[in-house]
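Q: Input protein.pdb, format and content: PDB, C-alpha atoms, pLDDT in the B column.
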```pdb
MODEL        1
ATOM      1  CA  MET A   1      86.756 113.445  99.311  1.00 90.00           C
ATOM      2  CA  ASN A   2      86.275 110.886  96.555  1.00 94.00           C
ATOM      3  CA  LEU A   3      86.756 112.276  93.075  1.00 97.00           C
ATOM      4  CA  ILE A   4      85.934 110.728  89.724  1.00 97.00           C
ATOM      5  CA  TYR A   5      87.219 112.250  86.494  1.00 98.00           C
ATOM      6  CA  PRO A   6      86.893 111.065  82.906  1.00 98.00           C
ATOM      7  CA  VAL A   7      90.318 110.234  81.518  1.00 98.00           C
ATOM      8  CA  ILE A   8      91.343 109.589  77.927  1.00 98.00           C
ATOM      9  CA  PHE A   9      93.708 106.658  77.474  1.00 97.00           C
ATOM     10  CA  THR A  10      95.614 105.987  74.260  1.00 97.00           C
ATOM     11  CA  GLU A  11      97.373 102.665  73.940  1.00 96.00           C
ATOM     12  CA  VAL A  12     100.499 103.037  71.835  1.00 95.00           C
ATOM     13  CA  ASN A  13     101.642  99.909  70.063  1.00 90.00           C
ATOM     14  CA  ASP A  14     105.224  99.732  71.351  1.00 93.00           C
ATOM     15  CA  LYS A  15     107.383  97.298  73.310  1.00 94.00           C
ATOM     16  CA  LYS A  16     106.822  99.156  76.608  1.00 93.00           C
ATOM     17  CA  LYS A  17     103.017  98.999  76.251  1.00 94.00           C
ATOM     18  CA  THR A  18     102.950 102.777  76.673  1.00 97.00           C
ATOM     19  CA  VAL A  19      99.570 104.290  77.481  1.00 97.00           C
ATOM     20  CA  LEU A  20      99.246 108.040  76.989  1.00 97.00           C
ATOM     21  CA  VAL A  21      96.906 109.697  79.474  1.00 97.00           C
ATOM     22  CA  GLU A  22      94.933 112.920  79.120  1.00 97.00           C
ATOM     23  CA  ILE A  23      92.798 114.399  81.893  1.00 97.00           C
ATOM     24  CA  PRO A  24      90.740 117.096  80.125  1.00 97.00           C
ATOM     25  CA  ASP A  25      89.131 118.635  83.220  1.00 97.00           C
ATOM     26  CA  LEU A  26      92.577 119.370  84.674  1.00 96.00           C
ATOM     27  CA  ASN A  27      94.438 120.072  81.408  1.00 95.00           C
ATOM     28  CA  GLY A  28      96.677 117.167  82.344  1.00 95.00           C
ATOM     29  CA  ILE A  29      98.902 114.813  80.424  1.00 96.00           C
ATOM     30  CA  THR A  30     100.937 111.889  81.713  1.00 97.00           C
ATOM     31  CA  GLU A  31     101.740 108.334  80.685  1.00 96.00           C
ATOM     32  CA  GLY A  32     102.127 104.859  82.036  1.00 96.00           C
ATOM     33  CA  TYR A  33     103.352 101.455  80.941  1.00 96.00           C
ATOM     34  CA  GLY A  34     100.347  99.202  80.716  1.00 96.00           C
ATOM     35  CA  ILE A  35      96.838 100.228  81.685  1.00 97.00           C
ATOM     36  CA  ALA A  36      97.279  99.632  85.435  1.00 96.00           C
ATOM     37  CA  ASP A  37     100.311 101.934  85.553  1.00 96.00           C
ATOM     38  CA  ALA A  38      98.498 104.503  83.389  1.00 97.00           C
ATOM     39  CA  ILE A  39      95.574 104.571  85.830  1.00 97.00           C
ATOM     40  CA  SER A  40      97.996 104.935  88.729  1.00 96.00           C
ATOM     41  CA  MET A  41      99.741 107.811  86.952  1.00 97.00           C
ATOM     42  CA  ALA A  42      96.369 109.480  86.282  1.00 97.00           C
ATOM     43  CA  LYS A  43      95.489 109.241  89.981  1.00 96.00           C
ATOM     44  CA  ASP A  44      98.889 110.616  90.925  1.00 94.00           C
ATOM     45  CA  TYR A  45      98.468 113.520  88.501  1.00 96.00           C
ATOM     46  CA  ILE A  46      94.987 114.328  89.820  1.00 97.00           C
ATOM     47  CA  GLY A  47      96.191 114.188  93.415  1.00 94.00           C
ATOM     48  CA  ASN A  48      99.217 116.397  92.806  1.00 93.00           C
ATOM     49  CA  VAL A  49      97.260 119.013  90.854  1.00 95.00           C
ATOM     50  CA  LEU A  50      94.517 119.228  93.483  1.00 96.00           C
ATOM     51  CA  PHE A  51      96.685 118.675  96.567  1.00 92.00           C
ATOM     52  CA  ASP A  52      96.817 122.338  97.675  1.00 91.00           C
ATOM     53  CA  LYS A  53      93.428 123.462  96.382  1.00 93.00           C
ATOM     54  CA  PRO A  54      90.681 124.109  98.887  1.00 93.00           C
ATOM     55  CA  ASP A  55      87.801 121.692  98.360  1.00 91.00           C
ATOM     56  CA  SER A  56      85.634 124.583  97.149  1.00 94.00           C
ATOM     57  CA  GLU A  57      88.038 125.196  94.234  1.00 95.00           C
ATOM     58  CA  ILE A  58      88.237 121.641  92.948  1.00 96.00           C
ATOM     59  CA  PRO A  59      86.937 121.534  89.361  1.00 96.00           C
ATOM     60  CA  HIS A  60      83.791 119.564  88.705  1.00 95.00           C
ATOM     61  CA  ALA A  61      84.196 116.535  86.522  1.00 97.00           C
ATOM     62  CA  SER A  62      82.717 116.489  83.046  1.00 96.00           C
ATOM     63  CA  GLU A  63      80.172 113.871  82.108  1.00 97.00           C
ATOM     64  CA  ILE A  64      81.912 110.951  80.449  1.00 96.00           C
ATOM     65  CA  ASP A  65      79.568 111.256  77.442  1.00 96.00           C
ATOM     66  CA  SER A  66      80.740 114.824  76.839  1.00 97.00           C
ATOM     67  CA  ILE A  67      84.352 113.780  76.220  1.00 96.00           C
ATOM     68  CA  ASP A  68      85.201 113.773  72.492  1.00 95.00           C
ATOM     69  CA  ILE A  69      88.184 111.492  72.014  1.00 93.00           C
ATOM     70  CA  SER A  70      88.692 112.797  68.469  1.00 92.00           C
ATOM     71  CA  LYS A  71      89.837 116.085  70.054  1.00 91.00           C
ATOM     72  CA  SER A  72      92.359 114.316  72.257  1.00 92.00           C
ATOM     73  CA  GLU A  73      95.957 115.358  71.805  1.00 91.00           C
ATOM     74  CA  PHE A  74      96.815 111.695  71.229  1.00 93.00           C
ATOM     75  CA  ALA A  75      93.790 110.642  69.173  1.00 88.00           C
ATOM     76  CA  ASN A  76      95.897 109.493  66.229  1.00 92.00           C
ATOM     77  CA  ALA A  77      98.619 107.793  68.283  1.00 92.00           C
ATOM     78  CA  GLY A  78      96.830 104.482  68.871  1.00 93.00           C
ATOM     79  CA  LYS A  79      93.685 102.901  70.297  1.00 94.00           C
ATOM     80  CA  THR A  80      91.931 105.622  72.310  1.00 96.00           C
ATOM     81  CA  PHE A  81      89.130 105.238  74.848  1.00 96.00           C
ATOM     82  CA  VAL A  82      87.634 107.106  77.806  1.00 97.00           C
ATOM     83  CA  SER A  83      87.224 105.695  81.279  1.00 97.00           C
ATOM     84  CA  LEU A  84      86.450 107.077  84.705  1.00 98.00           C
ATOM     85  CA  VAL A  85      89.262 107.260  87.251  1.00 98.00           C
ATOM     86  CA  ASP A  86      88.495 107.646  90.931  1.00 96.00           C
ATOM     87  CA  MET A  87      90.728 108.695  93.775  1.00 93.00           C
ATOM     88  CA  ASP A  88      90.432 109.550  97.432  1.00 95.00           C
ATOM     89  CA  LEU A  89      91.911 113.050  97.670  1.00 94.00           C
ATOM     90  CA  ASN A  90      91.888 113.070 101.471  1.00 92.00           C
ATOM     91  CA  LEU A  91      93.869 109.822 101.575  1.00 91.00           C
ATOM     92  CA  PHE A  92      96.273 111.177  98.957  1.00 90.00           C
ATOM     93  CA  ARG A  93      96.783 114.344 100.992  1.00 90.00           C
ATOM     94  CA  ARG A  94      97.405 112.347 104.176  1.00 86.00           C
ATOM     95  CA  MET A  95      99.889 110.073 102.483  1.00 84.00           C
ATOM     96  CA  GLU A  96     101.748 112.965 100.844  1.00 78.00           C
ATOM     97  CA  LYS A  97     101.862 114.916 104.091  1.00 76.00           C
ATOM     98  CA  SER A  98     102.852 111.940 106.147  1.00 71.00           C
ATOM     99  CA  ARG A  99     105.740 112.418 108.439  1.00 67.00           C
ATOM    100  CA  ASN A 100     107.382 109.801 110.517  1.00 75.00           C
ATOM    101  CA  VAL A 101     106.331 109.580 114.119  1.00 76.00           C
ATOM    102  CA  ARG A 102     108.206 107.829 116.851  1.00 81.00           C
ATOM    103  CA  ARG A 103     106.436 104.832 118.415  1.00 83.00           C
ATOM    104  CA  ASN A 104     107.809 102.473 120.977  1.00 88.00           C
ATOM    105  CA  ILE A 105     107.081  98.807 120.442  1.00 90.00           C
ATOM    106  CA  THR A 106     107.763  95.901 122.718  1.00 92.00           C
ATOM    107  CA  LEU A 107     109.527  92.783 121.447  1.00 92.00           C
ATOM    108  CA  PRO A 108     110.866  89.778 123.259  1.00 93.00           C
ATOM    109  CA  GLU A 109     114.614  90.186 123.718  1.00 93.00           C
ATOM    110  CA  TRP A 110     115.394  87.022 121.748  1.00 95.00           C
ATOM    111  CA  LEU A 111     113.405  88.326 118.754  1.00 94.00           C
ATOM    112  CA  ASP A 112     115.143  91.695 118.877  1.00 92.00           C
ATOM    113  CA  ASP A 113     118.523  89.906 119.036  1.00 93.00           C
ATOM    114  CA  MET A 114     117.669  87.792 115.991  1.00 94.00           C
ATOM    115  CA  ALA A 115     116.468  90.833 114.030  1.00 93.00           C
ATOM    116  CA  THR A 116     119.644  92.726 114.899  1.00 93.00           C
ATOM    117  CA  LYS A 117     121.877  89.818 113.850  1.00 95.00           C
ATOM    118  CA  ALA A 118     119.940  89.481 110.590  1.00 95.00           C
ATOM    119  CA  LYS A 119     120.274  93.258 110.037  1.00 94.00           C
ATOM    120  CA  ILE A 120     116.497  93.625 109.713  1.00 93.00           C
ATOM    121  CA  ASN A 121     115.054  97.114 109.847  1.00 93.00           C
ATOM    122  CA  VAL A 122     112.333  96.551 112.460  1.00 92.00           C
ATOM    123  CA  SER A 123     110.718  99.897 111.695  1.00 90.00           C
ATOM    124  CA  ALA A 124     110.335  99.062 107.989  1.00 90.00           C
ATOM    125  CA  VAL A 125     108.984  95.583 108.778  1.00 94.00           C
ATOM    126  CA  THR A 126     106.481  97.099 111.207  1.00 92.00           C
ATOM    127  CA  GLN A 127     105.349  99.683 108.635  1.00 89.00           C
ATOM    128  CA  ASN A 128     104.882  97.009 105.970  1.00 91.00           C
ATOM    129  CA  ALA A 129     102.952  94.765 108.362  1.00 93.00           C
ATOM    130  CA  LEU A 130     100.653  97.625 109.371  1.00 92.00           C
ATOM    131  CA  LYS A 131      99.996  98.565 105.736  1.00 90.00           C
ATOM    132  CA  GLU A 132      99.179  94.966 104.880  1.00 91.00           C
ATOM    133  CA  THR A 133      96.936  94.566 107.937  1.00 94.00           C
ATOM    134  CA  LEU A 134      95.096  97.805 107.082  1.00 93.00           C
ATOM    135  CA  GLY A 135      94.748  96.903 103.410  1.00 91.00           C
ATOM    136  CA  ILE A 136      96.739  99.905 102.217  1.00 85.00           C
ATOM    137  CA  VAL A 137      97.900  99.412  98.636  1.00 74.00           C
ATOM    138  CA  MET A 138     100.658 101.630  97.362  1.00 64.00           C
TER     139      MET A 138
ENDMDL
END
```
How would this structure read if it were set down as structure tokens?
A:
Amino acid sequence: MNLIYPVIFTEVNDKKKTVLVEIPDLNGITEGYGIADAISMAKDYIGNVLFDKPDSEIPHASEIDSIDISKSEFANAGKTFVSLVDMDLNLFRRMEKSRNVRRNITLPEWLDDMATKAKINVSAVTQNALKETLGIVM
């Protein structure tokens, strides 16, 4: 289920490039450092708030034009603007619920020997390679 919510971002003029985040439809507040981190934190907040809710109970998003930034809790803290943030709730749920499963893989003996000598965690390398191959960004 793809969700899109209007989110209010307020850029605070500090050394950390703090961005305060307000998600009015979910009564949510969080923050990030830089806009990319702030968007990530907004997605994380949305996912965690809606994680256990049945799809029928997920609040509808407001129209972006209906958001009044002057009523934002952080309106006077810096440059404030509204943007839409999307997230895939089903993917978020899967990733949060993920449990490790045991898979057998086959490697040439010489490669396994080299990995063991180099103290490489073959499971972690395999997971990272699969994520990269599948285009999963975390």
Q: Could you please determine the separation between atom CA of Ile4 of chain A and atom CA of Asp68 of chain A in Å, to one decimal place?
A: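 Between these atoms lies a distance of 17.5 Å.
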Q: Carefully work through the PyMOL selection byres ((chain A and resi 86-93) around 9) for this structure and note down the residues it includes, as a ChimeraX atom specification.
A: /A:1-6,43-44,46-48,50-52,84-85,94-98
Q: Given the point (100.6, 99.5, 79.6) in the file's coordinates, find the residues that have an atom at most 8 Å from it, counting only C-alpha atoms, and give them as a PyMOL selection string.
A: chain A and resi 11+16-19+32-38
Q: For Asp65 of chain A, which of A:Ile29, A:Asn128, A:Lys53, A:Ser83 is the closest residue, counting all atoms listed in the file?
A: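 Among the listed residues, the smallest separation from Asp65 of chain A belongs to A:Ser83.
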Q: Of the candidates A:Ile8, A:Ala118, A:Leu130, A:Leu26, which one gets nearest to Ile69 of chain A if we count all atoms listed in the file?
A: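 Checking each of A:Ile8, A:Ala118, A:Leu130, A:Leu26 against Ile69 of chain A, counting all atoms listed in the file, the winner is A:Ile8.
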Q: Separation of atom CA of Glu63 of chain A and atom CA of Asp25 of chain A, in Å?
A: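 Here the two named atoms are 10.2 Å from each other.
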Q: Could you please determine the separation between atom CA of Asn13 of chain A and atom CA of Ile39 of chain A in Å, to one decimal place?
A: 17.5 Å
Q: Would you kindly identify which residues have an atom no farther than 7 Å from (105.2, 110.1, 77.9), using all atoms listed in the file and the file's own coordinates, and write them out as a short mmCIF file (atom, residue, chain, number, x, y, z; two decimals) with C-alpha atoms, in the coordinates of the input?
A:
```
data_model
loop_
_atom_site.label_atom_id
_atom_site.label_comp_id
_atom_site.auth_asym_id
_atom_site.auth_seq_id
_atom_site.Cartn_x
_atom_site.Cartn_y
_atom_site.Cartn_z
CA LEU A 20 99.25 108.04 76.99
CA THR A 30 100.94 111.89 81.71
CA GLU A 31 101.74 108.33 80.68
#
```
Q: On this structure, which residues satisfy the PyMOL selection byres ((chain A and resi 119-124) around 12), written as number ranges by chain?
A: A: 100-107, 111-118, 125-131
Q: Which residue is closest to His60 of chain A? Choose from A:Pro24, A:Met41, A:Lys15, A:Glu109 and count all atoms listed in the file.
A: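 Ranking A:Pro24, A:Met41, A:Lys15, A:Glu109 by distance to His60 of chain A, first place goes to A:Pro24.
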Q: Quick test: take segment 85-101 of chain A, keep all heavy atoms, and write it as a PDB file, in the first residue's frame.
A:
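Done, and the output landed in decode.pdb:
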```
ATOM      1  N   VAL A  85       5.267  13.334   1.166  1.00  0.00           N
ATOM      2  CA  VAL A  85       6.184  12.233   1.447  1.00  0.00           C
ATOM      3  C   VAL A  85       5.437  10.936   1.180  1.00  0.00           C
ATOM      4  O   VAL A  85       4.328  10.735   1.672  1.00  0.00           O
ATOM      5  CB  VAL A  85       6.692  12.285   2.904  1.00  0.00           C
ATOM      6  CG1 VAL A  85       7.477  11.032   3.255  1.00  0.00           C
ATOM      7  CG2 VAL A  85       7.546  13.529   3.118  1.00  0.00           C
ATOM      8  N   ASP A  86       6.055  10.080   0.379  1.00  0.00           N
ATOM      9  CA  ASP A  86       5.431   8.797   0.067  1.00  0.00           C
ATOM     10  C   ASP A  86       6.189   7.674   0.743  1.00  0.00           C
ATOM     11  O   ASP A  86       7.357   7.812   1.082  1.00  0.00           O
ATOM     12  CB  ASP A  86       5.392   8.563  -1.440  1.00  0.00           C
ATOM     13  CG  ASP A  86       6.771   8.289  -2.010  1.00  0.00           C
ATOM     14  OD1 ASP A  86       7.726   8.972  -1.601  1.00  0.00           O
ATOM     15  OD2 ASP A  86       6.911   7.386  -2.846  1.00  0.00           O
ATOM     16  N   MET A  87       5.485   6.597   0.984  1.00  0.00           N
ATOM     17  CA  MET A  87       6.129   5.395   1.522  1.00  0.00           C
ATOM     18  C   MET A  87       5.303   4.177   1.168  1.00  0.00           C
ATOM     19  O   MET A  87       4.097   4.264   0.977  1.00  0.00           O
ATOM     20  CB  MET A  87       6.343   5.501   3.028  1.00  0.00           C
ATOM     21  CG  MET A  87       5.091   5.441   3.830  1.00  0.00           C
ATOM     22  SD  MET A  87       5.297   4.794   5.477  1.00  0.00           S
ATOM     23  CE  MET A  87       6.484   3.554   5.335  1.00  0.00           C
ATOM     24  N   ASP A  88       5.973   3.067   1.064  1.00  0.00           N
ATOM     25  CA  ASP A  88       5.330   1.788   0.783  1.00  0.00           C
ATOM     26  C   ASP A  88       5.138   1.080   2.116  1.00  0.00           C
ATOM     27  O   ASP A  88       6.076   0.522   2.676  1.00  0.00           O
ATOM     28  CB  ASP A  88       6.202   0.967  -0.162  1.00  0.00           C
ATOM     29  CG  ASP A  88       5.581  -0.352  -0.575  1.00  0.00           C
ATOM     30  OD1 ASP A  88       4.711  -0.874   0.161  1.00  0.00           O
ATOM     31  OD2 ASP A  88       5.980  -0.885  -1.620  1.00  0.00           O
ATOM     32  N   LEU A  89       3.921   1.123   2.651  1.00  0.00           N
ATOM     33  CA  LEU A  89       3.652   0.558   3.972  1.00  0.00           C
ATOM     34  C   LEU A  89       3.834  -0.958   3.980  1.00  0.00           C
ATOM     35  O   LEU A  89       4.340  -1.517   4.960  1.00  0.00           O
ATOM     36  CB  LEU A  89       2.249   0.926   4.450  1.00  0.00           C
ATOM     37  CG  LEU A  89       1.894   0.492   5.867  1.00  0.00           C
ATOM     38  CD1 LEU A  89       2.865   1.065   6.899  1.00  0.00           C
ATOM     39  CD2 LEU A  89       0.462   0.892   6.202  1.00  0.00           C
ATOM     40  N   ASN A  90       3.480  -1.625   2.904  1.00  0.00           N
ATOM     41  CA  ASN A  90       3.664  -3.079   2.869  1.00  0.00           C
ATOM     42  C   ASN A  90       5.150  -3.450   2.932  1.00  0.00           C
ATOM     43  O   ASN A  90       5.532  -4.372   3.647  1.00  0.00           O
ATOM     44  CB  ASN A  90       3.026  -3.681   1.615  1.00  0.00           C
ATOM     45  CG  ASN A  90       1.517  -3.592   1.656  1.00  0.00           C
ATOM     46  OD1 ASN A  90       0.914  -3.547   2.719  1.00  0.00           O
ATOM     47  ND2 ASN A  90       0.895  -3.535   0.491  1.00  0.00           N
ATOM     48  N   LEU A  91       5.982  -2.716   2.202  1.00  0.00           N
ATOM     49  CA  LEU A  91       7.418  -2.959   2.252  1.00  0.00           C
ATOM     50  C   LEU A  91       7.952  -2.666   3.653  1.00  0.00           C
ATOM     51  O   LEU A  91       8.735  -3.440   4.196  1.00  0.00           O
ATOM     52  CB  LEU A  91       8.150  -2.102   1.218  1.00  0.00           C
ATOM     53  CG  LEU A  91       9.675  -2.212   1.223  1.00  0.00           C
ATOM     54  CD1 LEU A  91      10.119  -3.643   0.917  1.00  0.00           C
ATOM     55  CD2 LEU A  91      10.270  -1.234   0.219  1.00  0.00           C
ATOM     56  N   PHE A  92       7.511  -1.571   4.245  1.00  0.00           N
ATOM     57  CA  PHE A  92       7.936  -1.229   5.600  1.00  0.00           C
ATOM     58  C   PHE A  92       7.557  -2.338   6.574  1.00  0.00           C
ATOM     59  O   PHE A  92       8.374  -2.765   7.392  1.00  0.00           O
ATOM     60  CB  PHE A  92       7.297   0.091   6.045  1.00  0.00           C
ATOM     61  CG  PHE A  92       7.742   0.563   7.387  1.00  0.00           C
ATOM     62  CD1 PHE A  92       8.870   1.350   7.516  1.00  0.00           C
ATOM     63  CD2 PHE A  92       7.039   0.218   8.534  1.00  0.00           C
ATOM     64  CE1 PHE A  92       9.294   1.791   8.760  1.00  0.00           C
ATOM     65  CE2 PHE A  92       7.460   0.645   9.787  1.00  0.00           C
ATOM     66  CZ  PHE A  92       8.592   1.431   9.900  1.00  0.00           C
ATOM     67  N   ARG A  93       6.340  -2.822   6.467  1.00  0.00           N
ATOM     68  CA  ARG A  93       5.897  -3.908   7.358  1.00  0.00           C
ATOM     69  C   ARG A  93       6.752  -5.160   7.167  1.00  0.00           C
ATOM     70  O   ARG A  93       7.141  -5.802   8.132  1.00  0.00           O
ATOM     71  CB  ARG A  93       4.425  -4.239   7.102  1.00  0.00           C
ATOM     72  CG  ARG A  93       3.461  -3.197   7.622  1.00  0.00           C
ATOM     73  CD  ARG A  93       2.057  -3.484   7.151  1.00  0.00           C
ATOM     74  NE  ARG A  93       1.081  -2.588   7.764  1.00  0.00           N
ATOM     75  CZ  ARG A  93      -0.132  -2.386   7.284  1.00  0.00           C
ATOM     76  NH1 ARG A  93      -0.532  -3.018   6.178  1.00  0.00           N
ATOM     77  NH2 ARG A  93      -0.966  -1.567   7.896  1.00  0.00           N
ATOM     78  N   ARG A  94       7.021  -5.507   5.910  1.00  0.00           N
ATOM     79  CA  ARG A  94       7.849  -6.694   5.644  1.00  0.00           C
ATOM     80  C   ARG A  94       9.238  -6.538   6.227  1.00  0.00           C
ATOM     81  O   ARG A  94       9.783  -7.462   6.826  1.00  0.00           O
ATOM     82  CB  ARG A  94       7.935  -6.970   4.139  1.00  0.00           C
ATOM     83  CG  ARG A  94       6.721  -7.649   3.556  1.00  0.00           C
ATOM     84  CD  ARG A  94       6.987  -8.205   2.159  1.00  0.00           C
ATOM     85  NE  ARG A  94       7.581  -7.272   1.223  1.00  0.00           N
ATOM     86  CZ  ARG A  94       6.901  -6.421   0.463  1.00  0.00           C
ATOM     87  NH1 ARG A  94       5.585  -6.370   0.532  1.00  0.00           N
ATOM     88  NH2 ARG A  94       7.531  -5.629  -0.375  1.00  0.00           N
ATOM     89  N   MET A  95       9.814  -5.363   6.041  1.00  0.00           N
ATOM     90  CA  MET A  95      11.175  -5.151   6.519  1.00  0.00           C
ATOM     91  C   MET A  95      11.224  -5.138   8.053  1.00  0.00           C
ATOM     92  O   MET A  95      12.173  -5.647   8.643  1.00  0.00           O
ATOM     93  CB  MET A  95      11.744  -3.862   5.934  1.00  0.00           C
ATOM     94  CG  MET A  95      11.987  -3.993   4.440  1.00  0.00           C
ATOM     95  SD  MET A  95      12.559  -2.487   3.670  1.00  0.00           S
ATOM     96  CE  MET A  95      14.268  -2.535   4.147  1.00  0.00           C
ATOM     97  N   GLU A  96      10.218  -4.582   8.685  1.00  0.00           N
ATOM     98  CA  GLU A  96      10.185  -4.546  10.147  1.00  0.00           C
ATOM     99  C   GLU A  96       9.919  -5.929  10.731  1.00  0.00           C
ATOM    100  O   GLU A  96      10.382  -6.245  11.817  1.00  0.00           O
ATOM    101  CB  GLU A  96       9.122  -3.558  10.641  1.00  0.00           C
ATOM    102  CG  GLU A  96       9.494  -2.120  10.421  1.00  0.00           C
ATOM    103  CD  GLU A  96      10.707  -1.691  11.225  1.00  0.00           C
ATOM    104  OE1 GLU A  96      10.748  -1.939  12.439  1.00  0.00           O
ATOM    105  OE2 GLU A  96      11.639  -1.110  10.624  1.00  0.00           O
ATOM    106  N   LYS A  97       9.157  -6.723  10.016  1.00  0.00           N
ATOM    107  CA  LYS A  97       8.820  -8.062  10.508  1.00  0.00           C
ATOM    108  C   LYS A  97       9.848  -9.101  10.100  1.00  0.00           C
ATOM    109  O   LYS A  97       9.723 -10.260  10.466  1.00  0.00           O
ATOM    110  CB  LYS A  97       7.461  -8.500   9.952  1.00  0.00           C
ATOM    111  CG  LYS A  97       6.283  -7.831  10.576  1.00  0.00           C
ATOM    112  CD  LYS A  97       5.001  -8.423  10.012  1.00  0.00           C
ATOM    113  CE  LYS A  97       3.799  -7.874  10.698  1.00  0.00           C
ATOM    114  NZ  LYS A  97       2.566  -8.445  10.181  1.00  0.00           N
ATOM    115  N   SER A  98      10.825  -8.660   9.338  1.00  0.00           N
ATOM    116  CA  SER A  98      11.741  -9.654   8.777  1.00  0.00           C
ATOM    117  C   SER A  98      12.451 -10.431   9.871  1.00  0.00           C
ATOM    118  O   SER A  98      12.845  -9.897  10.887  1.00  0.00           O
ATOM    119  CB  SER A  98      12.744  -8.992   7.842  1.00  0.00           C
ATOM    120  OG  SER A  98      13.590  -8.134   8.571  1.00  0.00           O
ATOM    121  N   ARG A  99      12.548 -11.674   9.617  1.00  0.00           N
ATOM    122  CA  ARG A  99      13.293 -12.553  10.510  1.00  0.00           C
ATOM    123  C   ARG A  99      14.314 -13.263   9.639  1.00  0.00           C
ATOM    124  O   ARG A  99      14.143 -13.392   8.432  1.00  0.00           O
ATOM    125  CB  ARG A  99      12.383 -13.557  11.212  1.00  0.00           C
ATOM    126  CG  ARG A  99      11.657 -14.479  10.250  1.00  0.00           C
ATOM    127  CD  ARG A  99      10.744 -15.460  10.987  1.00  0.00           C
ATOM    128  NE  ARG A  99      10.014 -16.271  10.049  1.00  0.00           N
ATOM    129  CZ  ARG A  99      10.490 -17.326   9.416  1.00  0.00           C
ATOM    130  NH1 ARG A  99      11.711 -17.748   9.644  1.00  0.00           N
ATOM    131  NH2 ARG A  99       9.761 -18.007   8.560  1.00  0.00           N
ATOM    132  N   ASN A 100      15.351 -13.676  10.249  1.00  0.00           N
ATOM    133  CA  ASN A 100      16.371 -14.375   9.470  1.00  0.00           C
ATOM    134  C   ASN A 100      15.911 -15.789   9.146  1.00  0.00           C
ATOM    135  O   ASN A 100      15.300 -16.450   9.979  1.00  0.00           O
ATOM    136  CB  ASN A 100      17.688 -14.435  10.258  1.00  0.00           C
ATOM    137  CG  ASN A 100      18.344 -13.082  10.342  1.00  0.00           C
ATOM    138  OD1 ASN A 100      18.216 -12.270   9.448  1.00  0.00           O
ATOM    139  ND2 ASN A 100      19.057 -12.844  11.414  1.00  0.00           N
ATOM    140  N   VAL A 101      16.178 -16.184   7.946  1.00  0.00           N
ATOM    141  CA  VAL A 101      15.890 -17.557   7.528  1.00  0.00           C
ATOM    142  C   VAL A 101      17.205 -18.204   7.132  1.00  0.00           C
ATOM    143  O   VAL A 101      18.133 -17.543   6.679  1.00  0.00           O
ATOM    144  CB  VAL A 101      14.881 -17.622   6.357  1.00  0.00           C
ATOM    145  CG1 VAL A 101      13.523 -17.113   6.781  1.00  0.00           C
ATOM    146  CG2 VAL A 101      15.382 -16.869   5.148  1.00  0.00           C
TER     147      VAL A 101
END
```
